[in-house]
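What follows is a short report on a single structure.
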Amino acid sequence: MARFIVRRLLVAIPVLFGLSVILFLFLRLLPGGGPAEAILGQHATPQLVAQITATEGLDKPLYVQYLNYVGRLLHGDFGASFIDGREVAATFLIKFPATVELTIGALIFAVGLGIPLGRLAARHPNSWIDGIVTVISLFGISIPVFVLGYTLAFIFGVELHWLPTFGQLDPRLPINPVTHFAIIDAILAGHWYVIDAVAHLILPSIALGTIPLAVFTRITRASVIEVSNEDYVRTARAKGLTDRRVNDRHIMRNAWLPVTTVIGLETGALLAGAVLTETVFSWNGVGSWVVSSIQNHDYIVVQSLILIFATIFLTVNLIVDVGYAFLNPRIRYS
Amino acid sequence: MSTVVDLNGESPAAEGRTVGPPPAADVLLEVRGLKTYFHVMDGTVAAVDGVDFQLKRGETLGLVGESGCGKSVTSLTIMRLVDIPPGEIVAGEVWFDGREILSLPMAEMRKIRGADMSMIFQEPMTSLNPVFTVGNQIAEAVKAHRPVSNREAWNRGVEMLAAVGIPAPERRAKQYPHELSGGMRQRVMIAMALSCDPKLVIADEPTTALDVTIQAQILELIKAMQERTGAALLLITHDLAVVAETVQRMAVMYAGKIVETGTAEDVLLDPKHPYTQGLITSIPSNVPRGQRLNVIRGTVPNPFRMPAGCRFEPRCPLVFEPCRDFDPPLRTTDLDRRAACWLHYPPSERPTVSDVAVPSAPVRTERVGKR
């Protein structure tokens, strides 16, 4: 198992190397003059261009510039925003926890509901139950996130006043941002403020989790039906096992395999920012940050965020692969 | 005449089903008039269409026939492993160890499956669950039927692996199916099937998927284990050589029906039914080198459009007047020999065209089992 993990880590190196080259060149290949003009955008004056060129070493040969760039990355220096001058790494540590919380909330909703629904549909294929589940999942895939988000906010927030629809915490509560995980900070502050944090998480999680919910439902249904027709399931029934044991053990252990892969891919995508959901619910995560950075032509931030997202994606994939190998002995030993 | 059998065992309707008298005590398995149909998109396939045979305690019976004749469906029906729907047990009785098991609630049937009656499947490569160790899978079968600890169940698994000739069984028990060869996996399946000392083992083409060199070993093993444990064996195969080497009695199946039964020796040396005769003369080694091989002309009938009379009639070289319109029932020809062919009926008992009003061709008069 250790060798498997090391091998997978080694594979990540060329991927990140290639990506860093592309990102490095991307800033230098933008139209409208050199990289200094691209960074400065409409504020570019000859004086500022000369200043940036000097401080950033943009007049040096490309390979020197690249080595400097990678050297800074390896020291954890992702650069600073040209708009507000803040360090990318520092801002990231504030905003990423919010995205992680939202991702976890969406996954709990999507996995917790999607897998039982998929199993239910698979147990009665082509029945009316299966039909209802199919309609739910098609609805989930089809509805635009912002429509669902605003609808949820309108019904449960504006009309019913059941749940908050704005931000991660009630700003009136005296909560210190220690970890920037709203739930953890609320727990640290005591007084059951955590209830407020969880309440804030519910609607965005449902909005964000609806598409993954639909995907997990479809994959689980297909996987369970496929595994149910395997010879070894018949063997398990021939042994005299109860239906429950055949389903929970012999079918599900195998049916989990493709489901795990898809959960991993969705997780990676969710961590890279839920742009629309964060915008609708004013969620202060990396998704809204990435959008504002692109709109502001804040290339240094965009460049660094893409690299960070790629690293997160690779890490999540590695975790999924290790989990997959754990579930599937055929992978473990090959 | 019959009421509905609830095949999921959830309704007390099963109690109301009328069945015939139980067979004699020395009969372990008796199948009477069994019909298993499959309702598919294009219509209904009568996969098993009136099958009768019996198997005494400790006896070995070969059920022989070509692909698609219904022999596997017969065995799956006996195990109650046919999926309902699309399958339906339309009629018939299966008596096992003094009980009519088609009427049993599923919970009762599960106690028999894997314990008193177990099965070895055709495909050892796919019949074991890839994510559990083989020892675990045998222990699971033991635990399902016996009040033993996990440790005891595991030990029983190792003991069974040793009994089926797997070297280093303690180590092998901890391996996954993909780490074993096809022959090894079939040994594991045999170990699993015998782990609860069954009274009946059904082996469905146990050697078909294996290398020729391994086939003989596995057959020898099945035979040796059968003799050692005294279990009855129902061996399903299309291979006459396998039957000749392994079983005492045989039943030949064609298009969902049994056409001939008898001791393996009698049937193979003196086949009564033209289909059996055709099978035996088409064995390549019966033909001198350089001559054309014998074949049974034509193909098996379309399952959606079975012939009205004898199902072998379109292919039979000996066909005569009654065959076209009347399906011959099995008739005792000699001691312990039965054949379903009008040739073996005295002329006075053969139907003539004037009997058309009461054809003996299968008519669906009863529906047992729910869709």
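In the structure tokens, chains take the letters A, B, ... in the order shown, each chain's residues start at 1, and ligands count up from 1 in the order shown.
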_Residues of chain A within 8 Å of chain B, counting only C-alpha atoms, as a PyMOL selection string_ = chain A and resi 230-235+237-242+250+253-254+327-330
Please produce a file of those selected residues containing C-alpha atoms, as a short mmCIF file (atom, residue, chain, number, x, y, z; two decimals), in the first residue's frame.
data_model
loop_
_atom_site.label_atom_id
_atom_site.label_comp_id
_atom_site.auth_asym_id
_atom_site.auth_seq_id
_atom_site.Cartn_x
_atom_site.Cartn_y
_atom_site.Cartn_z
CA GLU A 230 -23.02 -10.93 -11.31
CA ASP A 231 -22.51 -14.66 -10.87
CA TYR A 232 -21.09 -14.20 -7.38
CA VAL A 233 -24.34 -12.66 -6.21
CA ARG A 234 -26.13 -15.82 -7.31
CA THR A 235 -23.46 -17.80 -5.43
CA ARG A 237 -27.89 -16.43 -2.62
CA ALA A 238 -27.15 -20.12 -3.23
CA LYS A 239 -25.28 -20.18 0.09
CA GLY A 240 -28.56 -19.44 1.83
CA LEU A 241 -27.66 -15.90 2.91
CA THR A 242 -30.48 -13.49 3.71
CA HIS A 250 -21.97 -8.90 -1.57
CA ARG A 253 -19.06 -3.76 -1.44
CA ASN A 254 -18.66 -4.08 -5.21
CA LEU A 327 -12.12 -1.43 -1.29
CA ASN A 328 -10.83 -3.39 -4.24
CA PRO A 329 -8.17 -6.05 -3.59
CA ARG A 330 -7.56 -6.50 -7.33
#
*Long-range neighbours of Gly62 in chain B as an MDAnalysis selection string, 8 Å cut-off, only C-alpha atoms, 6 positions minimum in chain*: chainID B and resid 234:237 243 247:251 264
*Residue contacts of Thr333 in chain B (9 Å, only C-alpha atoms) excluding same-chain residues fewer than 5 positions away, as a PyMOL selection string*: chain B and resi 272+338-339+344-345
How would the residues just chosen look if you wrote them out with C-alpha atoms as a CSV table (one decimal), in the first residue's frame?
chain,number,residue,atom,x,y,z
B,272,LYS,CA,-33.9,-45.7,-26.9
B,338,ARG,CA,-38.0,-44.6,-19.7
B,339,ALA,CA,-38.2,-42.9,-23.1
B,344,HIS,CA,-41.7,-47.4,-27.8
B,345,TYR,CA,-45.5,-47.4,-27.5
_Please list as number ranges by chain every residue within 10 Å of Gly285 in chain A, counting only C-alpha atoms and excluding residues in the same chain fewer than 6 positions away._
A: 91-92, 94-102, 167-168, 271-275, 278-279
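Note that the spacing between CA of Leu318 in chain A and CA of Arg119 in chain A amounts to 26.7 Å.
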_Members of range 174-308 of chain B assigned strand (DSSP E or B) by DSSP, as an NGL selection string_ = :B and (200-204 or 232-237 or 249-254 or 257-263)
_For CA of Glu152 in chain B and CA of Ala232 in chain B, the interatomic separation in Å (one decimal)_ = 26.2 Å
*asked:* I want to know what sits within 10 Å of Glu266 in chain A, based on only C-alpha atoms, with residues of the same chain fewer than 6 positions away left out; could you give that as a list of chain:residue names?
replied: A:Thr103, A:Leu107, A:Gly209, A:Ile211, A:Pro212, A:Val215, A:Phe216, A:Thr260, A:Ala272, A:Phe313, A:Val316
